[in-house]
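Data from final17.pdb: PDB, C-alpha atoms
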```pdb
ATOM      1  CA  MET P1186     -19.259  -2.085   2.196  1.00  0.00           C
ATOM      2  CA  ASN P1187     -21.500   0.853   1.357  1.00  0.00           C
ATOM      3  CA  SER P1188     -20.319   4.409   0.734  1.00  0.00           C
ATOM      4  CA  ALA P1189     -21.795   5.873   3.901  1.00  0.00           C
ATOM      5  CA  GLN P1190     -20.026   3.313   6.110  1.00  0.00           C
ATOM      6  CA  ILE P1191     -16.699   3.856   4.342  1.00  0.00           C
ATOM      7  CA  ARG P1192     -17.043   7.621   4.827  1.00  0.00           C
ATOM      8  CA  GLU P1193     -17.826   7.134   8.518  1.00  0.00           C
ATOM      9  CA  ASN P1194     -14.944   4.710   8.980  1.00  0.00           C
ATOM     10  CA  LEU P1195     -12.490   7.058   7.266  1.00  0.00           C
ATOM     11  CA  ALA P1196     -13.554   9.881   9.539  1.00  0.00           C
ATOM     12  CA  GLU P1197     -13.021   7.678  12.597  1.00  0.00           C
ATOM     13  CA  VAL P1198      -9.539   6.635  11.419  1.00  0.00           C
ATOM     14  CA  GLN P1199      -8.650  10.274  10.851  1.00  0.00           C
ATOM     15  CA  ARG P1200      -9.841  11.077  14.379  1.00  0.00           C
ATOM     16  CA  ARG P1201      -7.627   8.280  15.732  1.00  0.00           C
ATOM     17  CA  ILE P1202      -4.643   9.620  13.799  1.00  0.00           C
ATOM     18  CA  ALA P1203      -5.246  13.168  15.050  1.00  0.00           C
ATOM     19  CA  SER P1204      -5.608  11.967  18.650  1.00  0.00           C
ATOM     20  CA  ALA P1205      -2.455   9.838  18.468  1.00  0.00           C
ATOM     21  CA  ALA P1206      -0.513  12.730  16.936  1.00  0.00           C
ATOM     22  CA  ALA P1207      -1.644  15.056  19.714  1.00  0.00           C
ATOM     23  CA  GLN P1208      -0.655  12.478  22.364  1.00  0.00           C
ATOM     24  CA  ALA P1209       2.789  12.214  20.757  1.00  0.00           C
ATOM     25  CA  GLY P1210       3.207  15.971  20.481  1.00  0.00           C
ATOM     26  CA  ARG P1211       3.396  15.744  16.693  1.00  0.00           C
ATOM     27  CA  PRO P1212       1.598  17.791  14.028  1.00  0.00           C
ATOM     28  CA  VAL P1213      -1.009  15.635  12.325  1.00  0.00           C
ATOM     29  CA  SER P1214       0.238  17.003   8.987  1.00  0.00           C
ATOM     30  CA  GLU P1215       3.314  14.765   9.384  1.00  0.00           C
ATOM     31  CA  ILE P1216       1.220  11.594   9.116  1.00  0.00           C
ATOM     32  CA  ALA P1217      -0.276  10.333   5.861  1.00  0.00           C
ATOM     33  CA  LEU P1218      -3.106   7.814   5.691  1.00  0.00           C
ATOM     34  CA  LEU P1219      -2.664   5.052   3.136  1.00  0.00           C
ATOM     35  CA  ALA P1220      -5.935   3.189   2.559  1.00  0.00           C
ATOM     36  CA  VAL P1221      -5.141  -0.475   1.942  1.00  0.00           C
ATOM     37  CA  SER P1222      -7.538  -1.479  -0.814  1.00  0.00           C
ATOM     38  CA  LYS P1223      -6.330  -4.991  -1.607  1.00  0.00           C
ATOM     39  CA  THR P1224      -9.258  -7.342  -2.348  1.00  0.00           C
ATOM     40  CA  ARG P1225     -11.599  -4.328  -2.389  1.00  0.00           C
ATOM     41  CA  THR P1226     -13.603  -3.302  -5.416  1.00  0.00           C
ATOM     42  CA  ALA P1227     -13.107  -0.232  -7.567  1.00  0.00           C
ATOM     43  CA  ALA P1228     -16.492   0.947  -6.265  1.00  0.00           C
ATOM     44  CA  GLU P1229     -15.209   0.839  -2.674  1.00  0.00           C
ATOM     45  CA  VAL P1230     -12.079   2.753  -3.673  1.00  0.00           C
ATOM     46  CA  LEU P1231     -14.308   5.282  -5.409  1.00  0.00           C
ATOM     47  CA  ALA P1232     -16.375   5.669  -2.237  1.00  0.00           C
ATOM     48  CA  ALA P1233     -13.225   6.346  -0.232  1.00  0.00           C
ATOM     49  CA  TYR P1234     -12.114   8.880  -2.849  1.00  0.00           C
ATOM     50  CA  HIS P1235     -15.431  10.707  -2.569  1.00  0.00           C
ATOM     51  CA  ALA P1236     -14.827  10.802   1.200  1.00  0.00           C
ATOM     52  CA  GLY P1237     -11.520  12.569   0.574  1.00  0.00           C
ATOM     53  CA  GLN P1238      -8.988   9.701   0.382  1.00  0.00           C
ATOM     54  CA  LEU P1239      -6.395   9.900  -2.416  1.00  0.00           C
ATOM     55  CA  ALA P1240      -3.657   7.362  -1.567  1.00  0.00           C
ATOM     56  CA  PHE P1241      -4.325   3.633  -1.874  1.00  0.00           C
ATOM     57  CA  GLY P1242      -2.134   0.595  -1.194  1.00  0.00           C
ATOM     58  CA  GLU P1243      -2.298  -2.629  -3.181  1.00  0.00           C
ATOM     59  CA  ASN P1244      -0.654  -6.016  -2.595  1.00  0.00           C
ATOM     60  CA  TYR P1245      -1.440  -7.846  -5.831  1.00  0.00           C
ATOM     61  CA  VAL P1246      -0.301  -6.356  -9.127  1.00  0.00           C
ATOM     62  CA  ASN P1247      -2.910  -7.798 -11.482  1.00  0.00           C
ATOM     63  CA  GLU P1248      -5.798  -6.949  -9.172  1.00  0.00           C
ATOM     64  CA  ALA P1249      -4.418  -3.441  -8.745  1.00  0.00           C
ATOM     65  CA  LEU P1250      -4.087  -2.847 -12.471  1.00  0.00           C
ATOM     66  CA  ASP P1251      -7.793  -3.465 -12.985  1.00  0.00           C
ATOM     67  CA  LYS P1252      -8.632  -0.824 -10.380  1.00  0.00           C
ATOM     68  CA  ILE P1253      -6.018   1.615 -11.640  1.00  0.00           C
ATOM     69  CA  ALA P1254      -7.495   1.350 -15.140  1.00  0.00           C
ATOM     70  CA  ALA P1255     -11.089   1.641 -13.948  1.00  0.00           C
ATOM     71  CA  LEU P1256     -10.284   4.779 -11.917  1.00  0.00           C
ATOM     72  CA  SER P1257      -7.701   6.317 -14.243  1.00  0.00           C
ATOM     73  CA  ASP P1258      -9.651   9.575 -14.541  1.00  0.00           C
ATOM     74  CA  LEU P1259      -9.184  10.288 -10.810  1.00  0.00           C
ATOM     75  CA  PRO P1260      -6.091  11.893  -9.198  1.00  0.00           C
ATOM     76  CA  LEU P1261      -5.263   8.822  -7.106  1.00  0.00           C
ATOM     77  CA  GLU P1262      -1.824   7.901  -5.799  1.00  0.00           C
ATOM     78  CA  TRP P1263      -1.101   4.172  -5.928  1.00  0.00           C
ATOM     79  CA  HIS P1264       1.344   2.491  -3.537  1.00  0.00           C
ATOM     80  CA  TYR P1265       2.603  -1.059  -4.006  1.00  0.00           C
ATOM     81  CA  ILE P1266       2.825  -2.761  -0.602  1.00  0.00           C
ATOM     82  CA  GLY P1267       3.011  -6.442  -1.533  1.00  0.00           C
ATOM     83  CA  ALA P1268       5.910  -8.811  -2.050  1.00  0.00           C
ATOM     84  CA  ILE P1269       7.858  -7.927  -5.187  1.00  0.00           C
ATOM     85  CA  GLN P1270       8.228 -10.622  -7.835  1.00  0.00           C
ATOM     86  CA  SER P1271      10.801 -10.194 -10.589  1.00  0.00           C
ATOM     87  CA  ASN P1272       8.245 -10.883 -13.326  1.00  0.00           C
ATOM     88  CA  LYS P1273       6.074  -8.025 -11.999  1.00  0.00           C
ATOM     89  CA  THR P1274       8.673  -5.276 -11.596  1.00  0.00           C
ATOM     90  CA  ARG P1275       7.937  -3.694 -14.989  1.00  0.00           C
ATOM     91  CA  LEU P1276       4.241  -3.381 -14.137  1.00  0.00           C
ATOM     92  CA  ILE P1277       5.077  -1.944 -10.718  1.00  0.00           C
ATOM     93  CA  ALA P1278       7.479   0.550 -12.277  1.00  0.00           C
ATOM     94  CA  GLU P1279       4.905   1.599 -14.849  1.00  0.00           C
ATOM     95  CA  HIS P1280       1.808   1.985 -12.686  1.00  0.00           C
ATOM     96  CA  PHE P1281       2.734   2.878  -9.106  1.00  0.00           C
ATOM     97  CA  SER P1282       4.088   6.052  -7.518  1.00  0.00           C
ATOM     98  CA  TRP P1283       5.442   4.303  -4.427  1.00  0.00           C
ATOM     99  CA  VAL P1284       6.815   0.908  -3.520  1.00  0.00           C
ATOM    100  CA  HIS P1285       7.084   0.100   0.211  1.00  0.00           C
ATOM    101  CA  THR P1286       8.525  -3.398   0.038  1.00  0.00           C
ATOM    102  CA  LEU P1287      11.901  -3.181  -1.678  1.00  0.00           C
ATOM    103  CA  ALA P1288      14.202  -5.812  -0.196  1.00  0.00           C
ATOM    104  CA  SER P1289      16.891  -6.605  -2.769  1.00  0.00           C
ATOM    105  CA  VAL P1290      19.481  -4.951  -4.997  1.00  0.00           C
ATOM    106  CA  LYS P1291      18.184  -7.049  -7.887  1.00  0.00           C
ATOM    107  CA  HIS P1292      14.707  -5.575  -7.646  1.00  0.00           C
ATOM    108  CA  ALA P1293      16.066  -2.062  -7.171  1.00  0.00           C
ATOM    109  CA  LYS P1294      18.004  -2.372 -10.428  1.00  0.00           C
ATOM    110  CA  ARG P1295      15.010  -3.797 -12.278  1.00  0.00           C
ATOM    111  CA  LEU P1296      12.674  -1.054 -11.085  1.00  0.00           C
ATOM    112  CA  ASP P1297      15.246   1.587 -11.973  1.00  0.00           C
ATOM    113  CA  LYS P1298      15.736   0.205 -15.463  1.00  0.00           C
ATOM    114  CA  GLN P1299      12.017  -0.248 -16.118  1.00  0.00           C
ATOM    115  CA  ARG P1300      10.776   3.083 -14.733  1.00  0.00           C
ATOM    116  CA  SER P1301      10.097   5.479 -17.595  1.00  0.00           C
ATOM    117  CA  ARG P1302      12.289   8.572 -17.500  1.00  0.00           C
ATOM    118  CA  ASP P1303       9.155  10.509 -18.453  1.00  0.00           C
ATOM    119  CA  LYS P1304       7.714   9.736 -15.020  1.00  0.00           C
ATOM    120  CA  PRO P1305       8.852  11.217 -11.714  1.00  0.00           C
ATOM    121  CA  PRO P1306      11.255   8.979  -9.784  1.00  0.00           C
ATOM    122  CA  MET P1307       9.497   6.156  -7.938  1.00  0.00           C
ATOM    123  CA  ASN P1308       9.327   6.734  -4.181  1.00  0.00           C
ATOM    124  CA  VAL P1309      10.900   3.779  -2.372  1.00  0.00           C
ATOM    125  CA  CYS P1310      10.771   2.408   1.149  1.00  0.00           C
ATOM    126  CA  ILE P1311      13.038  -0.475   2.080  1.00  0.00           C
ATOM    127  CA  GLN P1312      11.244  -3.214   3.986  1.00  0.00           C
ATOM    128  CA  VAL P1313      13.087  -4.393   7.083  1.00  0.00           C
ATOM    129  CA  ASN P1314      12.269  -7.690   8.783  1.00  0.00           C
ATOM    130  CA  THR P1315      12.344  -6.379  12.345  1.00  0.00           C
ATOM    131  CA  SER P1316      10.610  -9.434  13.824  1.00  0.00           C
ATOM    132  CA  HIS P1317      13.018 -11.948  12.234  1.00  0.00           C
ATOM    133  CA  GLU P1318      10.136 -14.086  11.012  1.00  0.00           C
ATOM    134  CA  GLU P1319      10.947 -16.279   8.022  1.00  0.00           C
ATOM    135  CA  SER P1320       7.403 -15.834   6.751  1.00  0.00           C
ATOM    136  CA  LYS P1321       7.778 -12.057   6.609  1.00  0.00           C
ATOM    137  CA  GLY P1322       9.462 -10.194   3.796  1.00  0.00           C
ATOM    138  CA  GLY P1323      12.206  -7.647   4.238  1.00  0.00           C
ATOM    139  CA  ILE P1324      15.928  -7.561   4.773  1.00  0.00           C
ATOM    140  CA  ALA P1325      17.984  -7.909   7.919  1.00  0.00           C
ATOM    141  CA  ALA P1326      19.038  -4.671   9.566  1.00  0.00           C
ATOM    142  CA  ALA P1327      22.692  -5.405   8.813  1.00  0.00           C
ATOM    143  CA  GLU P1328      21.980  -5.330   5.072  1.00  0.00           C
ATOM    144  CA  LEU P1329      20.211  -1.994   5.194  1.00  0.00           C
ATOM    145  CA  PRO P1330      23.067   0.475   4.521  1.00  0.00           C
ATOM    146  CA  THR P1331      24.211  -1.418   1.409  1.00  0.00           C
ATOM    147  CA  LEU P1332      20.738  -1.542  -0.121  1.00  0.00           C
ATOM    148  CA  ALA P1333      20.017   2.075   0.814  1.00  0.00           C
ATOM    149  CA  ARG P1334      23.120   3.263  -1.025  1.00  0.00           C
ATOM    150  CA  GLU P1335      22.237   1.113  -4.026  1.00  0.00           C
ATOM    151  CA  VAL P1336      18.787   2.709  -4.232  1.00  0.00           C
ATOM    152  CA  MET P1337      20.331   6.159  -3.913  1.00  0.00           C
ATOM    153  CA  SER P1338      22.473   5.416  -6.973  1.00  0.00           C
ATOM    154  CA  CYS P1339      19.379   4.678  -9.111  1.00  0.00           C
ATOM    155  CA  ALA P1340      18.285   7.706 -11.124  1.00  0.00           C
ATOM    156  CA  ALA P1341      14.656   6.582 -11.463  1.00  0.00           C
ATOM    157  CA  LEU P1342      14.221   5.777  -7.762  1.00  0.00           C
ATOM    158  CA  ARG P1343      13.985   8.108  -4.785  1.00  0.00           C
ATOM    159  CA  LEU P1344      14.763   6.568  -1.423  1.00  0.00           C
ATOM    160  CA  ARG P1345      12.200   7.907   1.048  1.00  0.00           C
ATOM    161  CA  GLY P1346      12.436   5.668   4.079  1.00  0.00           C
ATOM    162  CA  LEU P1347      11.804   2.350   5.765  1.00  0.00           C
ATOM    163  CA  MET P1348       8.828   0.021   6.141  1.00  0.00           C
ATOM    164  CA  ALA P1349       8.135  -2.786   8.600  1.00  0.00           C
ATOM    165  CA  LEU P1350       5.383  -5.260   9.317  1.00  0.00           C
ATOM    166  CA  PRO P1351       6.022  -6.422  12.898  1.00  0.00           C
ATOM    167  CA  ALA P1352       4.389  -9.497  14.347  1.00  0.00           C
ATOM    168  CA  PRO P1353       0.958  -8.471  15.692  1.00  0.00           C
ATOM    169  CA  VAL P1354       0.678  -8.067  19.454  1.00  0.00           C
ATOM    170  CA  ASP P1355      -2.077  -6.624  21.637  1.00  0.00           C
ATOM    171  CA  ASP P1356       0.147  -5.001  24.264  1.00  0.00           C
ATOM    172  CA  TYR P1357       0.662  -1.290  23.548  1.00  0.00           C
ATOM    173  CA  ALA P1358       4.098  -1.148  25.156  1.00  0.00           C
ATOM    174  CA  GLN P1359       5.280  -4.098  23.061  1.00  0.00           C
ATOM    175  CA  GLN P1360       3.837  -2.510  19.929  1.00  0.00           C
ATOM    176  CA  ARG P1361       5.901   0.589  20.639  1.00  0.00           C
ATOM    177  CA  ARG P1362       9.042  -1.459  21.222  1.00  0.00           C
ATOM    178  CA  ASN P1363       8.514  -3.179  17.867  1.00  0.00           C
ATOM    179  CA  PHE P1364       8.122   0.111  16.018  1.00  0.00           C
ATOM    180  CA  SER P1365      10.997   1.769  17.853  1.00  0.00           C
ATOM    181  CA  GLN P1366      13.378  -0.643  16.100  1.00  0.00           C
ATOM    182  CA  LEU P1367      12.535   0.884  12.733  1.00  0.00           C
ATOM    183  CA  ARG P1368      12.818   4.421  14.088  1.00  0.00           C
ATOM    184  CA  ARG P1369      16.298   3.675  15.448  1.00  0.00           C
ATOM    185  CA  LEU P1370      17.377   2.152  12.135  1.00  0.00           C
ATOM    186  CA  ARG P1371      16.330   5.310  10.339  1.00  0.00           C
ATOM    187  CA  GLU P1372      18.279   7.385  12.841  1.00  0.00           C
ATOM    188  CA  GLN P1373      21.372   5.239  12.268  1.00  0.00           C
ATOM    189  CA  LEU P1374      21.150   5.736   8.524  1.00  0.00           C
ATOM    190  CA  GLN P1375      20.681   9.464   8.976  1.00  0.00           C
ATOM    191  CA  GLN P1376      23.852   9.539  11.060  1.00  0.00           C
ATOM    192  CA  GLN P1377      25.609   7.990   8.047  1.00  0.00           C
ATOM    193  CA  GLY P1378      24.397  10.822   5.822  1.00  0.00           C
ATOM    194  CA  ILE P1379      21.442   8.952   4.298  1.00  0.00           C
ATOM    195  CA  GLU P1380      18.489  11.310   4.515  1.00  0.00           C
ATOM    196  CA  LEU P1381      15.116   9.609   5.001  1.00  0.00           C
ATOM    197  CA  ASP P1382      11.780  11.269   5.658  1.00  0.00           C
ATOM    198  CA  THR P1383       9.422   8.290   5.803  1.00  0.00           C
ATOM    199  CA  LEU P1384       8.536   5.539   8.264  1.00  0.00           C
ATOM    200  CA  SER P1385       5.783   3.331   6.823  1.00  0.00           C
ATOM    201  CA  MET P1386       4.460   1.433   9.814  1.00  0.00           C
ATOM    202  CA  GLY P1387       1.244   0.880  11.712  1.00  0.00           C
ATOM    203  CA  MET P1388      -2.041  -0.713  10.711  1.00  0.00           C
ATOM    204  CA  SER P1389      -5.625  -0.747  11.991  1.00  0.00           C
ATOM    205  CA  ALA P1390      -4.837  -2.408  15.340  1.00  0.00           C
ATOM    206  CA  ASP P1391      -1.646  -0.541  16.241  1.00  0.00           C
ATOM    207  CA  LEU P1392      -1.582   2.828  14.491  1.00  0.00           C
ATOM    208  CA  GLU P1393      -1.430   4.720  17.813  1.00  0.00           C
ATOM    209  CA  ALA P1394       1.793   2.971  18.850  1.00  0.00           C
ATOM    210  CA  ALA P1395       3.280   3.515  15.404  1.00  0.00           C
ATOM    211  CA  ILE P1396       2.527   7.226  15.481  1.00  0.00           C
ATOM    212  CA  ALA P1397       4.045   7.480  18.977  1.00  0.00           C
ATOM    213  CA  GLU P1398       7.260   6.060  17.498  1.00  0.00           C
ATOM    214  CA  GLY P1399       7.354   8.382  14.499  1.00  0.00           C
ATOM    215  CA  ALA P1400       5.286   6.792  11.719  1.00  0.00           C
ATOM    216  CA  THR P1401       4.762   9.124   8.773  1.00  0.00           C
ATOM    217  CA  ILE P1402       2.562   6.713   6.774  1.00  0.00           C
ATOM    218  CA  VAL P1403       0.044   4.390   8.417  1.00  0.00           C
ATOM    219  CA  ARG P1404      -1.390   1.598   6.243  1.00  0.00           C
ATOM    220  CA  ILE P1405      -5.042   1.084   7.164  1.00  0.00           C
ATOM    221  CA  GLY P1406      -7.380  -1.443   5.559  1.00  0.00           C
ATOM    222  CA  THR P1407      -9.780  -3.154   7.955  1.00  0.00           C
ATOM    223  CA  ALA P1408     -10.676  -0.036   9.933  1.00  0.00           C
ATOM    224  CA  ILE P1409     -11.742   1.662   6.675  1.00  0.00           C
ATOM    225  CA  PHE P1410     -13.221  -1.110   4.574  1.00  0.00           C
ATOM    226  CA  GLY P1411     -14.150  -3.676   7.220  1.00  0.00           C
ATOM    227  CA  PRO P1412     -12.879  -7.259   7.593  1.00  0.00           C
ATOM    228  CA  ARG P1413     -12.014  -9.084   4.387  1.00  0.00           C
ATOM    229  CA  ASP P1414     -14.316 -11.938   3.421  1.00  0.00           C
TER
END
```

Mind turning the file's structure into structure tokens?
Amino acid sequence: MNSAQIRENLAEVQRRIASAAAQAGRPVSEIALLAVSKTRTAAEVLAAYHAGQLAFGENYVNEALDKIAALSDLPLEWHYIGAIQSNKTRLIAEHFSWVHTLASVKHAKRLDKQRSRDKPPMNVCIQVNTSHEESKGGIAAAELPTLAREVMSCAALRLRGLMALPAPVDDYAQQRRNFSQLRRLREQLQQQGIELDTLSMGMSADLEAAIAEGATIVRIGTAIFGPRD
């Protein structure tokens, strides 16, 4: 996609975010836009950067590393939003500022061990499987407090919040119900003394519902870069 179209699309997404925030009675400053750049070229990421976008989400480690290297002179913030594989945790720990998809104590310990103490702690969201789909990653809600406390014990990790990828639905009310599950889980953890400031939820088709339910990071790919080939 060309630079002009990416700039226009970004502006439209930002308008949607601002409108949804106003509808929810929330300051738009509470909501960060994460541009999902998986399968996109470094040139497309560069176009988004020139349009003002700094945070990018990647699903595939090797593909991401090529882009991170090609754009290393820019002040970009890279978020890992794909399934975590044990043989990739060192690369994730070395090259990303955020990971949204932590779902096991094993991976928490590996990331903690492999994160350089010269770097700031890695920001972590725990992925919760709110839709109970076997094909989706994430842990069951019942396992959440144990994993949250494990992450909090890791010096090189900073627990920020929760992430979910609900089953896609067109109905706005159902979208809100899906996202409200994650909001309630965060509230339950907060009542247990686990402070969390992040809800990573909402994509191109449902960002309005996510923002209505408290999303602080929306992960937007298609609405910025167009449909994937």

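Each of P:Arg1413, P:Glu1372, P:Asp1297, P:Val1198 was compared to Asp1391 of chain P using all atoms listed in the file, and P:Val1198 turns out to be the nearest.
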
**Asked** What residues come out when you apply the PyMOL selection byres ((chain P and resi 1332) around 12) to this file, written as an MDAnalysis selection string?
**Response** chainID P and resid 1287:1294 1309:1313 1323:1331 1333:1339 1344 1346:1347 1374 1379

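Taking atom CA of Ala1349 of chain P as the reference point, atom CA of Ala1390 of chain P is found at 14.6 Å.
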
**Item:** Residue members of the PyMOL selection byres ((chain P and resi 1285) around 12) in the file shown, as JSON, numbers by chain
**Value:** {"P": [1219, 1242, 1243, 1244, 1263, 1264, 1265, 1266, 1267, 1268, 1269, 1277, 1281, 1282, 1283, 1284, 1286, 1287, 1288, 1293, 1307, 1308, 1309, 1310, 1311, 1312, 1313, 1322, 1323, 1343, 1344, 1345, 1346, 1347, 1348, 1349, 1350, 1383, 1384, 1385, 1386, 1402, 1403, 1404]}

**Item:** Ground truth for the PyMOL selection byres ((chain P and resi 1410) around 12), written as a ChimeraX atom specification
**Value:** /P:1186-1195,1197-1198,1220-1226,1228-1233,1241,1389,1405-1409,1411-1414

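From atom CA of Ala1207 of chain P back to atom CA of His1235 of chain P, the distance works out to 26.6 Å.
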
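Coordinates place atom CA of Glu1262 of chain P at a distance of 4.6 Å from atom CA of Ala1240 of chain P.
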
**Complete:** With distances taken over all atoms listed in the file, the candidate from P:Gln1238, P:Phe1364, P:Arg1369, P:Gln1199 nearest Gly1387 of chain P is P:Phe1364

**Asked** If we count only C-alpha atoms, what is near Gln1366 of chain P at a cut-off of 8 Å, once residues fewer than 4 positions away on the same chain are taken out, given as JSON, numbers by chain?
**Response** {"P": [1315, 1362, 1370]}

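Among the candidate residues P:Gln1208, P:Asn1314, P:Ser1214, P:Thr1274, the one lying nearest to Lys1298 of chain P is P:Thr1274, with distances computed using only C-alpha atoms.
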
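Between Leu1239 of chain P and the candidates P:Leu1256, P:Glu1380, P:Leu1261, P:Leu1342, the tightest atom-to-atom separation, counting only C-alpha atoms, involves P:Leu1261.
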
**Request:** Between P:Ser1301, P:Ser1204, P:Gln1270, P:Ser1257, single out the one closest to Ala1227 of chain P, counting all atoms listed in the file.
**Result:** P:Ser1257
